[in-house]
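Asks: Structure: structure_14.cif, mmCIF, C-alpha atoms.
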```cif
data_data
#
loop_
_atom_site.group_PDB
_atom_site.id
_atom_site.type_symbol
_atom_site.label_atom_id
_atom_site.label_comp_id
_atom_site.auth_asym_id
_atom_site.auth_seq_id
_atom_site.Cartn_x
_atom_site.Cartn_y
_atom_site.Cartn_z
ATOM 1 C CA MET A 251 -144.473 -93.009 23.780
ATOM 2 C CA GLN A 252 -145.298 -94.320 27.261
ATOM 3 C CA LEU A 253 -142.417 -95.599 29.373
ATOM 4 C CA GLY A 254 -142.611 -97.783 32.453
ATOM 5 C CA ILE A 255 -141.508 -100.979 34.173
ATOM 6 C CA GLU A 256 -141.473 -103.992 31.873
ATOM 7 C CA GLU A 257 -139.708 -106.454 34.185
ATOM 8 C CA ILE A 258 -137.745 -106.720 37.441
ATOM 9 C CA ALA A 259 -135.153 -109.341 38.371
ATOM 10 C CA SER A 260 -133.003 -109.758 41.446
ATOM 11 C CA TYR A 261 -130.063 -111.501 43.014
ATOM 12 C CA ILE A 262 -129.867 -112.480 46.691
ATOM 13 C CA PRO A 263 -126.634 -114.139 47.863
ATOM 14 C CA SER A 264 -127.039 -117.708 49.103
ATOM 15 C CA ASN A 265 -124.611 -117.065 51.959
ATOM 16 C CA LYS A 266 -126.740 -116.438 55.080
ATOM 17 C CA ILE A 267 -126.101 -115.632 58.758
ATOM 18 C CA SER A 268 -128.779 -116.556 61.301
ATOM 19 C CA ASN A 269 -129.852 -113.904 63.794
ATOM 20 C CA LEU A 270 -131.226 -116.660 66.009
ATOM 21 C CA SER A 271 -127.642 -117.757 66.631
ATOM 22 C CA MET A 272 -126.801 -114.236 67.820
ATOM 23 C CA LYS A 273 -129.353 -114.063 70.649
ATOM 24 C CA GLU A 274 -126.937 -114.724 73.493
ATOM 25 C CA SER A 275 -124.112 -112.511 72.260
ATOM 26 C CA PHE A 276 -126.434 -109.530 71.689
ATOM 27 C CA GLY A 277 -128.761 -110.156 74.655
ATOM 28 C CA ILE A 278 -131.931 -110.446 72.565
ATOM 29 C CA ASP A 279 -134.794 -112.939 72.346
ATOM 30 C CA ASP A 280 -137.038 -114.462 69.680
ATOM 31 C CA SER A 281 -139.652 -111.730 70.116
ATOM 32 C CA PHE A 282 -137.125 -108.985 69.310
ATOM 33 C CA ILE A 283 -135.999 -110.810 66.174
ATOM 34 C CA GLU A 284 -139.492 -111.639 64.926
ATOM 35 C CA ASN A 285 -141.509 -108.561 65.971
ATOM 36 C CA LYS A 286 -138.971 -105.730 65.950
ATOM 37 C CA LEU A 287 -136.509 -106.690 63.231
ATOM 38 C CA GLY A 288 -138.489 -109.214 61.212
ATOM 39 C CA VAL A 289 -135.159 -110.680 60.077
ATOM 40 C CA ASN A 290 -134.334 -114.282 60.988
ATOM 41 C CA GLN A 291 -131.316 -114.402 58.725
ATOM 42 C CA LYS A 292 -129.407 -111.940 56.557
ATOM 43 C CA ALA A 293 -127.839 -112.463 53.143
ATOM 44 C CA LEU A 294 -124.155 -111.666 52.725
ATOM 45 C CA LYS A 295 -122.145 -111.276 49.546
ATOM 46 C CA GLU A 296 -119.010 -113.309 49.057
ATOM 47 C CA VAL A 297 -115.677 -111.885 50.199
ATOM 48 C CA GLY A 298 -114.258 -109.816 47.334
ATOM 49 C CA GLU A 299 -117.629 -109.490 45.633
ATOM 50 C CA GLU A 300 -118.512 -105.893 44.763
ATOM 51 C CA ALA A 301 -121.648 -103.939 43.870
ATOM 52 C CA SER A 302 -120.964 -104.418 40.154
ATOM 53 C CA ASP A 303 -120.776 -108.196 40.609
ATOM 54 C CA LEU A 304 -124.168 -108.207 42.326
ATOM 55 C CA CYS A 305 -125.592 -106.125 39.464
ATOM 56 C CA VAL A 306 -124.272 -108.553 36.860
ATOM 57 C CA LYS A 307 -125.870 -111.503 38.669
ATOM 58 C CA ALA A 308 -129.209 -109.667 38.797
ATOM 59 C CA TYR A 309 -128.892 -108.957 35.066
ATOM 60 C CA VAL A 310 -128.257 -112.645 34.330
ATOM 61 C CA ASN A 311 -131.492 -113.449 36.164
ATOM 62 C CA LEU A 312 -133.284 -110.783 34.112
ATOM 63 C CA THR A 313 -132.185 -112.439 30.862
ATOM 64 C CA LYS A 314 -133.722 -115.698 32.113
ATOM 65 C CA LYS A 315 -137.082 -113.936 32.381
ATOM 66 C CA LYS A 316 -136.898 -111.642 29.352
ATOM 67 C CA PRO A 317 -134.685 -111.798 26.243
ATOM 68 C CA ILE A 318 -132.444 -108.713 26.148
ATOM 69 C CA VAL A 319 -130.775 -107.329 23.028
ATOM 70 C CA LYS A 320 -127.727 -105.590 24.473
ATOM 71 C CA ASP A 321 -127.487 -103.023 21.688
ATOM 72 C CA ASP A 322 -131.019 -101.858 22.533
ATOM 73 C CA ILE A 323 -129.978 -100.623 25.999
ATOM 74 C CA GLU A 324 -129.536 -96.869 25.761
ATOM 75 C CA VAL A 325 -128.992 -95.975 29.438
ATOM 76 C CA LEU A 326 -127.727 -97.839 32.492
ATOM 77 C CA VAL A 327 -128.158 -96.400 35.994
ATOM 78 C CA VAL A 328 -126.865 -97.860 39.261
ATOM 79 C CA VAL A 329 -128.220 -96.799 42.663
ATOM 80 C CA THR A 330 -125.538 -97.386 45.305
ATOM 81 C CA GLN A 331 -123.729 -95.741 48.209
ATOM 82 C CA ASN A 332 -121.152 -98.500 48.471
ATOM 83 C CA PRO A 333 -119.424 -98.556 45.070
ATOM 84 C CA ASP A 334 -116.623 -100.878 43.990
ATOM 85 C CA VAL A 335 -114.142 -97.993 44.002
ATOM 86 C CA LYS A 336 -114.282 -94.206 44.347
ATOM 87 C CA ILE A 337 -113.613 -93.747 40.633
ATOM 88 C CA PRO A 338 -115.078 -94.655 38.184
ATOM 89 C CA HIS A 339 -118.839 -94.926 38.667
ATOM 90 C CA VAL A 340 -120.199 -98.455 39.179
ATOM 91 C CA SER A 341 -122.462 -98.118 36.137
ATOM 92 C CA ALA A 342 -119.401 -97.853 33.884
ATOM 93 C CA ILE A 343 -117.956 -101.004 35.436
ATOM 94 C CA VAL A 344 -121.250 -102.865 34.988
ATOM 95 C CA HIS A 345 -121.449 -101.588 31.402
ATOM 96 C CA GLY A 346 -118.038 -103.083 30.693
ATOM 97 C CA LYS A 347 -118.789 -106.400 32.348
ATOM 98 C CA LEU A 348 -122.026 -106.724 30.351
ATOM 99 C CA ASP A 349 -120.316 -105.597 27.133
ATOM 100 C CA LEU A 350 -123.082 -103.176 26.228
ATOM 101 C CA SER A 351 -123.107 -100.792 23.277
ATOM 102 C CA GLU A 352 -120.760 -97.806 23.384
ATOM 103 C CA ALA A 353 -123.805 -95.657 22.596
ATOM 104 C CA CYS A 354 -125.141 -96.156 26.121
ATOM 105 C CA ALA A 355 -125.294 -93.471 28.823
ATOM 106 C CA CYS A 356 -124.136 -94.589 32.277
ATOM 107 C CA PHE A 357 -124.330 -92.865 35.649
ATOM 108 C CA ASP A 358 -124.742 -93.625 39.354
ATOM 109 C CA ILE A 359 -127.221 -92.275 41.900
ATOM 110 C CA SER A 360 -125.858 -91.939 45.443
ATOM 111 C CA LEU A 361 -128.995 -92.628 47.457
ATOM 112 C CA GLY A 362 -129.922 -95.276 49.999
ATOM 113 C CA CYS A 363 -133.384 -96.398 51.054
ATOM 114 C CA THR A 364 -135.174 -93.910 48.761
ATOM 115 C CA GLY A 365 -132.924 -94.711 45.812
ATOM 116 C CA PHE A 366 -135.238 -96.954 43.836
ATOM 117 C CA VAL A 367 -138.127 -94.482 43.804
ATOM 118 C CA HIS A 368 -135.814 -91.551 43.044
ATOM 119 C CA GLY A 369 -134.182 -93.700 40.382
ATOM 120 C CA LEU A 370 -137.507 -94.431 38.683
ATOM 121 C CA SER A 371 -138.218 -90.725 38.330
ATOM 122 C CA ILE A 372 -134.698 -89.908 37.135
ATOM 123 C CA ILE A 373 -134.324 -92.650 34.539
ATOM 124 C CA HIS A 374 -137.869 -92.113 33.248
ATOM 125 C CA SER A 375 -137.252 -88.383 32.781
ATOM 126 C CA PHE A 376 -133.832 -88.976 31.226
ATOM 127 C CA MET A 377 -135.206 -91.493 28.752
ATOM 128 C CA GLN A 378 -138.269 -89.452 27.882
ATOM 129 C CA HIS A 379 -136.252 -86.296 27.240
ATOM 130 C CA ASN A 380 -133.797 -88.152 24.988
ATOM 131 C CA GLY A 381 -136.309 -90.333 23.177
ATOM 132 C CA PHE A 382 -134.845 -93.566 24.594
ATOM 133 C CA LYS A 383 -136.881 -96.783 24.565
ATOM 134 C CA LYS A 384 -134.910 -99.167 26.789
ATOM 135 C CA GLY A 385 -132.936 -98.618 29.972
ATOM 136 C CA LEU A 386 -131.720 -100.554 33.006
ATOM 137 C CA LEU A 387 -132.078 -99.327 36.594
ATOM 138 C CA PHE A 388 -129.900 -101.294 39.034
ATOM 139 C CA THR A 389 -129.891 -101.196 42.825
ATOM 140 C CA ALA A 390 -126.932 -102.687 44.683
ATOM 141 C CA ASP A 391 -125.824 -101.453 48.092
ATOM 142 C CA PRO A 392 -123.688 -104.046 49.899
ATOM 143 C CA TYR A 393 -123.904 -102.609 53.407
ATOM 144 C CA SER A 394 -121.889 -105.550 54.714
ATOM 145 C CA LYS A 395 -118.855 -103.487 53.645
ATOM 146 C CA ILE A 396 -119.625 -100.852 56.300
ATOM 147 C CA ILE A 397 -121.279 -102.842 59.113
ATOM 148 C CA ASP A 398 -119.629 -103.311 62.513
ATOM 149 C CA LYS A 399 -120.181 -106.947 63.538
ATOM 150 C CA ASN A 400 -120.464 -105.813 67.159
ATOM 151 C CA ASP A 401 -123.225 -103.255 66.520
ATOM 152 C CA LYS A 402 -126.640 -104.729 67.320
ATOM 153 C CA ASN A 403 -128.436 -101.790 65.642
ATOM 154 C CA THR A 404 -126.999 -102.579 62.214
ATOM 155 C CA PHE A 405 -125.418 -106.039 62.113
ATOM 156 C CA LEU A 406 -128.682 -107.900 62.742
ATOM 157 C CA LEU A 407 -130.665 -105.835 60.250
ATOM 158 C CA PHE A 408 -128.875 -105.201 56.947
ATOM 159 C CA GLY A 409 -128.376 -107.737 54.160
ATOM 160 C CA ASP A 410 -126.908 -107.693 50.649
ATOM 161 C CA ALA A 411 -128.829 -107.985 47.371
ATOM 162 C CA ALA A 412 -129.203 -106.411 43.944
ATOM 163 C CA THR A 413 -132.047 -105.791 41.523
ATOM 164 C CA VAL A 414 -132.408 -104.638 37.935
ATOM 165 C CA THR A 415 -135.511 -103.004 36.511
ATOM 166 C CA LEU A 416 -136.082 -102.956 32.766
ATOM 167 C CA ILE A 417 -137.622 -99.612 31.771
ATOM 168 C CA SER A 418 -139.093 -99.662 28.272
ATOM 169 C CA ASP A 419 -141.804 -98.510 25.898
ATOM 170 C CA ASN A 420 -143.582 -101.839 26.482
ATOM 171 C CA PRO A 421 -144.383 -101.482 30.179
ATOM 172 C CA LEU A 422 -146.352 -103.678 32.516
ATOM 173 C CA PHE A 423 -146.641 -100.818 35.026
ATOM 174 C CA VAL A 424 -146.356 -97.061 34.508
ATOM 175 C CA THR A 425 -145.535 -94.489 37.176
ATOM 176 C CA GLY A 426 -147.863 -91.784 38.399
ATOM 177 C CA LYS A 427 -146.774 -88.532 40.008
ATOM 178 C CA PHE A 428 -144.064 -88.557 42.685
ATOM 179 C CA SER A 429 -143.567 -87.018 46.112
ATOM 180 C CA PHE A 430 -140.160 -86.287 47.658
ATOM 181 C CA GLY A 431 -138.729 -84.809 50.833
ATOM 182 C CA THR A 432 -135.546 -84.389 52.889
ATOM 183 C CA ILE A 433 -134.641 -83.367 56.431
ATOM 184 C CA GLY A 434 -130.959 -82.777 55.889
ATOM 185 C CA LYS A 435 -130.458 -81.334 59.384
ATOM 186 C CA GLN A 436 -130.911 -84.854 60.752
ATOM 187 C CA PHE A 437 -128.480 -86.579 58.365
ATOM 188 C CA ASN A 438 -126.293 -87.765 61.242
ATOM 189 C CA GLU A 439 -128.983 -90.079 62.608
ATOM 190 C CA LEU A 440 -127.981 -92.574 59.900
ATOM 191 C CA PHE A 441 -124.536 -92.037 58.426
ATOM 192 C CA CYS A 442 -121.134 -93.516 57.755
ATOM 193 C CA HIS A 443 -118.186 -91.441 58.933
ATOM 194 C CA GLY A 444 -115.054 -93.480 58.615
ATOM 195 C CA GLU A 445 -115.230 -97.255 58.490
ATOM 196 C CA PHE A 446 -118.644 -98.169 59.909
ATOM 197 C CA LEU A 447 -122.303 -97.232 59.595
ATOM 198 C CA TYR A 448 -123.979 -95.521 62.565
ATOM 199 C CA MET A 449 -127.741 -95.653 63.047
ATOM 200 C CA ASN A 450 -129.848 -94.068 65.767
ATOM 201 C CA GLY A 451 -132.651 -96.597 65.572
ATOM 202 C CA ARG A 452 -135.096 -94.629 67.727
ATOM 203 C CA SER A 453 -134.672 -91.429 65.698
ATOM 204 C CA VAL A 454 -135.032 -93.262 62.374
ATOM 205 C CA PHE A 455 -138.189 -94.951 63.655
ATOM 206 C CA ASN A 456 -139.671 -91.652 64.865
ATOM 207 C CA PHE A 457 -138.886 -90.015 61.525
ATOM 208 C CA SER A 458 -140.496 -92.837 59.556
ATOM 209 C CA ALA A 459 -143.587 -93.061 61.760
ATOM 210 C CA LYS A 460 -144.153 -89.306 61.563
ATOM 211 C CA TYR A 461 -143.410 -88.424 57.946
ATOM 212 C CA ILE A 462 -144.258 -91.481 55.840
ATOM 213 C CA PRO A 463 -148.014 -91.616 56.586
ATOM 214 C CA LEU A 464 -148.131 -87.909 55.677
ATOM 215 C CA ASP A 465 -146.252 -88.550 52.449
ATOM 216 C CA VAL A 466 -148.539 -91.428 51.527
ATOM 217 C CA SER A 467 -151.484 -89.052 51.849
ATOM 218 C CA ALA A 468 -149.615 -86.437 49.810
ATOM 219 C CA VAL A 469 -148.757 -88.751 46.894
ATOM 220 C CA LEU A 470 -152.291 -90.130 46.816
ATOM 221 C CA LYS A 471 -153.645 -86.591 46.613
ATOM 222 C CA ARG A 472 -151.233 -85.740 43.790
ATOM 223 C CA ASN A 473 -152.538 -88.726 41.840
ATOM 224 C CA ASN A 474 -156.210 -88.080 42.650
ATOM 225 C CA MET A 475 -156.461 -91.385 44.504
ATOM 226 C CA THR A 476 -157.431 -92.666 47.960
ATOM 227 C CA LEU A 477 -156.156 -95.448 50.210
ATOM 228 C CA ASN A 478 -158.948 -97.674 48.930
ATOM 229 C CA ASP A 479 -157.638 -97.387 45.354
ATOM 230 C CA ILE A 480 -154.333 -99.072 46.253
ATOM 231 C CA ASP A 481 -154.016 -102.851 46.066
ATOM 232 C CA ARG A 482 -150.573 -103.097 47.684
ATOM 233 C CA PHE A 483 -148.528 -100.636 49.735
ATOM 234 C CA VAL A 484 -144.868 -101.456 49.099
ATOM 235 C CA PHE A 485 -142.909 -99.718 51.831
ATOM 236 C CA HIS A 486 -139.141 -99.771 52.197
ATOM 237 C CA GLN A 487 -138.448 -102.803 54.354
ATOM 238 C CA GLY A 488 -136.645 -100.907 57.105
ATOM 239 C CA SER A 489 -137.777 -103.314 59.835
ATOM 240 C CA LYS A 490 -140.995 -105.046 60.801
ATOM 241 C CA PHE A 491 -141.521 -102.576 63.632
ATOM 242 C CA ILE A 492 -141.347 -99.613 61.256
ATOM 243 C CA VAL A 493 -143.554 -101.127 58.542
ATOM 244 C CA ASP A 494 -146.128 -102.206 61.145
ATOM 245 C CA ALA A 495 -146.177 -98.717 62.692
ATOM 246 C CA ILE A 496 -146.765 -97.020 59.330
ATOM 247 C CA SER A 497 -149.484 -99.529 58.445
ATOM 248 C CA LYS A 498 -151.201 -99.016 61.797
ATOM 249 C CA SER A 499 -151.061 -95.231 61.444
ATOM 250 C CA LEU A 500 -152.744 -95.447 58.028
ATOM 251 C CA LYS A 501 -155.166 -98.151 59.259
ATOM 252 C CA LEU A 502 -154.154 -100.531 56.471
ATOM 253 C CA SER A 503 -155.087 -104.206 56.477
ATOM 254 C CA LYS A 504 -152.084 -106.512 56.767
ATOM 255 C CA ASP A 505 -152.863 -108.274 53.492
ATOM 256 C CA LYS A 506 -152.263 -104.989 51.653
ATOM 257 C CA VAL A 507 -148.787 -104.439 53.119
ATOM 258 C CA PRO A 508 -146.261 -107.116 52.095
ATOM 259 C CA PHE A 509 -143.309 -107.699 54.404
ATOM 260 C CA ASP A 510 -140.656 -110.059 53.093
ATOM 261 C CA ILE A 511 -137.163 -109.640 54.531
ATOM 262 C CA CYS A 512 -137.185 -112.518 57.007
ATOM 263 C CA SER A 513 -134.658 -114.553 55.033
ATOM 264 C CA TYR A 514 -132.327 -111.834 53.698
ATOM 265 C CA GLY A 515 -132.591 -108.566 55.671
ATOM 266 C CA ASN A 516 -132.935 -104.859 54.929
ATOM 267 C CA THR A 517 -131.327 -104.482 51.496
ATOM 268 C CA VAL A 518 -131.572 -100.665 51.371
ATOM 269 C CA SER A 519 -132.395 -99.490 47.803
ATOM 270 C CA SER A 520 -133.184 -103.047 46.717
ATOM 271 C CA SER A 521 -135.948 -103.654 49.263
ATOM 272 C CA ILE A 522 -138.807 -102.119 47.243
ATOM 273 C CA PRO A 523 -138.003 -103.723 43.849
ATOM 274 C CA LEU A 524 -137.540 -107.104 45.576
ATOM 275 C CA ILE A 525 -141.170 -106.857 46.723
ATOM 276 C CA LEU A 526 -142.386 -105.405 43.419
ATOM 277 C CA GLU A 527 -140.827 -108.282 41.483
ATOM 278 C CA LYS A 528 -143.384 -110.574 43.130
ATOM 279 C CA GLU A 529 -146.357 -108.220 43.435
ATOM 280 C CA MET A 530 -146.293 -107.055 39.800
ATOM 281 C CA LYS A 531 -146.991 -110.585 38.590
ATOM 282 C CA LYS A 532 -150.253 -110.868 40.518
ATOM 283 C CA ASP A 533 -153.065 -110.009 38.113
ATOM 284 C CA ASN A 534 -155.303 -108.595 40.844
ATOM 285 C CA ASN A 535 -152.717 -105.905 41.675
ATOM 286 C CA ILE A 536 -153.723 -102.919 39.560
ATOM 287 C CA ASN A 537 -152.441 -99.973 41.618
ATOM 288 C CA LEU A 538 -149.307 -100.209 43.768
ATOM 289 C CA LEU A 539 -147.881 -97.531 46.035
ATOM 290 C CA ALA A 540 -144.094 -97.549 46.502
ATOM 291 C CA SER A 541 -142.557 -95.542 49.339
ATOM 292 C CA GLY A 542 -138.887 -95.345 50.294
ATOM 293 C CA PHE A 543 -137.478 -93.623 53.383
ATOM 294 C CA GLY A 544 -134.238 -93.495 55.333
ATOM 295 C CA VAL A 545 -130.741 -92.155 54.649
ATOM 296 C CA GLY A 546 -130.733 -88.392 54.362
ATOM 297 C CA LEU A 547 -133.098 -88.314 56.174
ATOM 298 C CA SER A 548 -135.242 -88.508 53.061
ATOM 299 C CA TRP A 549 -138.346 -90.021 51.531
ATOM 300 C CA ALA A 550 -139.810 -90.651 48.073
ATOM 301 C CA SER A 551 -143.138 -92.141 46.982
ATOM 302 C CA THR A 552 -145.023 -92.840 43.776
ATOM 303 C CA ILE A 553 -147.935 -94.795 42.337
ATOM 304 C CA LEU A 554 -147.404 -97.673 39.915
ATOM 305 C CA LYS A 555 -150.403 -98.381 37.692
ATOM 306 C CA ARG A 556 -150.875 -101.526 35.653
ATOM 307 C CA LYS A 557 -151.067 -100.601 31.991
ATOM 308 C CA ASP A 558 -154.426 -101.615 30.518
#
```
Translate this structure into C-alpha cells?

Replies:
Amino acid sequence: MQLGIEEIASYIPSNKISNLSMKESFGIDDSFIENKLGVNQKALKEVGEEASDLCVKAYVNLTKKKPIVKDDIEVLVVVTQNPDVKIPHVSAIVHGKLDLSEACACFDISLGCTGFVHGLSIIHSFMQHNGFKKGLLFTADPYSKIIDKNDKNTFLLFGDAATVTLISDNPLFVTGKFSFGTIGKQFNELFCHGEFLYMNGRSVFNFSAKYIPLDVSAVLKRNNMTLNDIDRFVFHQGSKFIVDAISKSLKLSKDKVPFDICSYGNTVSSSIPLILEKEMKKDNNINLLASGFGVGLSWASTILKRKD
C-alpha cells in the first residue's frame, strides 16, 4: 500500500489589514514592504476564533473538492503552537466539531514553520505502521494571538490561515526521503516568552540563508536527484527577502520558486501547503521540493513526486 497526498484545501480569513497603511507609523516605505517583506496585506482571524475553528473551515473547503466519508478517517493530526486551550489537544476539539468516528486517533504536533514537512513524515509513518488508509493533517497557527501590534518585526509579517491535507492510499503525490535539523542553542532568536512573540529578524535570516541551501542539497542527495530534476521549490514563505536569498544561493530561476503571501502574510506551518494546493494541480509539475525552516531553530525538507 502506497500512501501520499490526495488533496489539499485551505482557509484564509477574509479580514485583512493593509501594510501600506502602516508606512508612516512604522517608518517604512513601499520598497521595504514589496522587496523585504513581500506582504502588502495580512489575513486576520475573527475575534474569538480559535485554531480549531480555522481547521473546521479548511475541512469544509476540502469537502467541496473531494467527497469525504467521515467514518473512513482513521487519524487526525493538527500542527499548531497556538492551541485553543492548554488542555485538551486541538485535534480532539476538531474531531468533536467534525463529529468523526470514535475509532480515530488524534494528536497535535507542536511545531512552527517546519511543522507541515515534519507532519507529513509523522502521519505517513503512523498510518503505514497501523495499516491506516485515510488521515487528515491540519495546520493552523493563529499568530495574531501572540503578536504585539507595535512590533514592526512581527506585526507586518504574520497572518492567519489553516490547511488540511488528505493523506490516503489513492495519492496524487507521494513523499520521498526527508531531511531534518535543529539548532536548539539558538531557540531564543524566535520565541514567545509571556504574551508576545519575539523575533530577531537578522539572526533568522542568517540562519535560513546559511542552512537551507545546504539542506536542499542534502535532501536531493538522499533522493538521488539534482536541482534540475525539481519542477518547483516550495520554500516556507518566511519573507520575500529570505526566499529570494535562498533562491539566489542555489541559482534557481524565479519561475521555479513560487512566492505567494502578498495578500495574506507568513502563515507559519500553513505556508507550504497553501503553495502546494496550487502547484499540485499543474500537470507539468512532476517533482516538488518542500522545505520548511524557522522556529527552533529548525528545518525539514522532502521531495514530493507525482504518482504515475

Asks: Can you list, as a tab-separated table (two decimals) with C-alpha atoms, in the frame of the given file, every protein, DNA or RNA residue that comes within 9 Å of Asp465 of chain A when you count all atoms listed in the file, leaving out same-chain residues fewer than 2 positions away?

Replies:
```tsv
chain	number	residue	atom	x	y	z
A	429	SER	CA	-143.57	-87.02	46.11
A	430	PHE	CA	-140.16	-86.29	47.66
A	431	GLY	CA	-138.73	-84.81	50.83
A	461	TYR	CA	-143.41	-88.42	57.95
A	462	ILE	CA	-144.26	-91.48	55.84
A	463	PRO	CA	-148.01	-91.62	56.59
A	467	SER	CA	-151.48	-89.05	51.85
A	468	ALA	CA	-149.62	-86.44	49.81
A	469	VAL	CA	-148.76	-88.75	46.89
A	470	LEU	CA	-152.29	-90.13	46.82
A	541	SER	CA	-142.56	-95.54	49.34
A	549	TRP	CA	-138.35	-90.02	51.53
A	550	ALA	CA	-139.81	-90.65	48.07
A	551	SER	CA	-143.14	-92.14	46.98
```

Asks: For a cutoff of 12 Å around the file-coordinate point (-154.4, -96.0, 49.9), which residues qualify once you count all atoms listed in the file? I'd like the result as a PDB file with C-alpha atoms, in the frame of the given file.

Replies:
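Below is the file that was written, out_27.pdb:
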```pdb
ATOM      1  CA  PRO A 463    -148.014 -91.616  56.586  1.00  0.00           C
ATOM      2  CA  LEU A 464    -148.131 -87.909  55.677  1.00  0.00           C
ATOM      3  CA  ASP A 465    -146.252 -88.550  52.449  1.00  0.00           C
ATOM      4  CA  VAL A 466    -148.539 -91.428  51.527  1.00  0.00           C
ATOM      5  CA  SER A 467    -151.484 -89.052  51.849  1.00  0.00           C
ATOM      6  CA  ALA A 468    -149.615 -86.437  49.810  1.00  0.00           C
ATOM      7  CA  VAL A 469    -148.757 -88.751  46.894  1.00  0.00           C
ATOM      8  CA  LEU A 470    -152.291 -90.130  46.816  1.00  0.00           C
ATOM      9  CA  LYS A 471    -153.645 -86.591  46.613  1.00  0.00           C
ATOM     10  CA  ASN A 473    -152.538 -88.726  41.840  1.00  0.00           C
ATOM     11  CA  ASN A 474    -156.210 -88.080  42.650  1.00  0.00           C
ATOM     12  CA  MET A 475    -156.461 -91.385  44.504  1.00  0.00           C
ATOM     13  CA  THR A 476    -157.431 -92.666  47.960  1.00  0.00           C
ATOM     14  CA  LEU A 477    -156.156 -95.448  50.210  1.00  0.00           C
ATOM     15  CA  ASN A 478    -158.948 -97.674  48.930  1.00  0.00           C
ATOM     16  CA  ASP A 479    -157.638 -97.387  45.354  1.00  0.00           C
ATOM     17  CA  ILE A 480    -154.333 -99.072  46.253  1.00  0.00           C
ATOM     18  CA  ASP A 481    -154.016-102.851  46.066  1.00  0.00           C
ATOM     19  CA  ARG A 482    -150.573-103.097  47.684  1.00  0.00           C
ATOM     20  CA  PHE A 483    -148.528-100.636  49.735  1.00  0.00           C
ATOM     21  CA  VAL A 484    -144.868-101.456  49.099  1.00  0.00           C
ATOM     22  CA  SER A 497    -149.484 -99.529  58.445  1.00  0.00           C
ATOM     23  CA  LEU A 500    -152.744 -95.447  58.028  1.00  0.00           C
ATOM     24  CA  LYS A 501    -155.166 -98.151  59.259  1.00  0.00           C
ATOM     25  CA  LEU A 502    -154.154-100.531  56.471  1.00  0.00           C
ATOM     26  CA  SER A 503    -155.087-104.206  56.477  1.00  0.00           C
ATOM     27  CA  LYS A 506    -152.263-104.989  51.653  1.00  0.00           C
ATOM     28  CA  VAL A 507    -148.787-104.439  53.119  1.00  0.00           C
ATOM     29  CA  ASN A 537    -152.441 -99.973  41.618  1.00  0.00           C
ATOM     30  CA  LEU A 538    -149.307-100.209  43.768  1.00  0.00           C
ATOM     31  CA  LEU A 539    -147.881 -97.531  46.035  1.00  0.00           C
ATOM     32  CA  ALA A 540    -144.094 -97.549  46.502  1.00  0.00           C
ATOM     33  CA  SER A 541    -142.557 -95.542  49.339  1.00  0.00           C
ATOM     34  CA  THR A 552    -145.023 -92.840  43.776  1.00  0.00           C
ATOM     35  CA  ILE A 553    -147.935 -94.795  42.337  1.00  0.00           C
TER      36      ILE A 553
END
```

Asks: Any chance you could resolve the PyMOL selection byres ((chain A and resi 542-546) around 9) against this file and give the residues as a PDB file with C-alpha atoms, in the frame of the given file?

Replies:
```
ATOM      1  CA  LEU A 361    -128.995 -92.628  47.457  1.00  0.00           C
ATOM      2  CA  GLY A 362    -129.922 -95.276  49.999  1.00  0.00           C
ATOM      3  CA  CYS A 363    -133.384 -96.398  51.054  1.00  0.00           C
ATOM      4  CA  THR A 364    -135.174 -93.910  48.761  1.00  0.00           C
ATOM      5  CA  GLY A 365    -132.924 -94.711  45.812  1.00  0.00           C
ATOM      6  CA  PHE A 366    -135.238 -96.954  43.836  1.00  0.00           C
ATOM      7  CA  VAL A 367    -138.127 -94.482  43.804  1.00  0.00           C
ATOM      8  CA  HIS A 368    -135.814 -91.551  43.044  1.00  0.00           C
ATOM      9  CA  THR A 432    -135.546 -84.389  52.889  1.00  0.00           C
ATOM     10  CA  ILE A 433    -134.641 -83.367  56.431  1.00  0.00           C
ATOM     11  CA  GLY A 434    -130.959 -82.777  55.889  1.00  0.00           C
ATOM     12  CA  LYS A 435    -130.458 -81.334  59.384  1.00  0.00           C
ATOM     13  CA  GLN A 436    -130.911 -84.854  60.752  1.00  0.00           C
ATOM     14  CA  PHE A 437    -128.480 -86.579  58.365  1.00  0.00           C
ATOM     15  CA  ASN A 438    -126.293 -87.765  61.242  1.00  0.00           C
ATOM     16  CA  GLU A 439    -128.983 -90.079  62.608  1.00  0.00           C
ATOM     17  CA  LEU A 440    -127.981 -92.574  59.900  1.00  0.00           C
ATOM     18  CA  PHE A 441    -124.536 -92.037  58.426  1.00  0.00           C
ATOM     19  CA  VAL A 454    -135.032 -93.262  62.374  1.00  0.00           C
ATOM     20  CA  PHE A 457    -138.886 -90.015  61.525  1.00  0.00           C
ATOM     21  CA  SER A 458    -140.496 -92.837  59.556  1.00  0.00           C
ATOM     22  CA  ILE A 462    -144.258 -91.481  55.840  1.00  0.00           C
ATOM     23  CA  VAL A 484    -144.868-101.456  49.099  1.00  0.00           C
ATOM     24  CA  PHE A 485    -142.909 -99.718  51.831  1.00  0.00           C
ATOM     25  CA  HIS A 486    -139.141 -99.771  52.197  1.00  0.00           C
ATOM     26  CA  GLN A 487    -138.448-102.803  54.354  1.00  0.00           C
ATOM     27  CA  GLY A 488    -136.645-100.907  57.105  1.00  0.00           C
ATOM     28  CA  VAL A 518    -131.572-100.665  51.371  1.00  0.00           C
ATOM     29  CA  SER A 519    -132.395 -99.490  47.803  1.00  0.00           C
ATOM     30  CA  SER A 521    -135.948-103.654  49.263  1.00  0.00           C
ATOM     31  CA  ILE A 522    -138.807-102.119  47.243  1.00  0.00           C
ATOM     32  CA  ALA A 540    -144.094 -97.549  46.502  1.00  0.00           C
ATOM     33  CA  SER A 541    -142.557 -95.542  49.339  1.00  0.00           C
ATOM     34  CA  LEU A 547    -133.098 -88.314  56.174  1.00  0.00           C
ATOM     35  CA  SER A 548    -135.242 -88.508  53.061  1.00  0.00           C
ATOM     36  CA  TRP A 549    -138.346 -90.021  51.531  1.00  0.00           C
ATOM     37  CA  ALA A 550    -139.810 -90.651  48.073  1.00  0.00           C
ATOM     38  CA  SER A 551    -143.138 -92.141  46.982  1.00  0.00           C
TER      39      SER A 551
END
```

Asks: Report as a VMD selection string the full result of the PyMOL selection byres ((chain A and resi 353) around 12) when it is applied to this structure.

Replies: chain A and resid 320 to 326 345 349 to 352 354 to 356 382
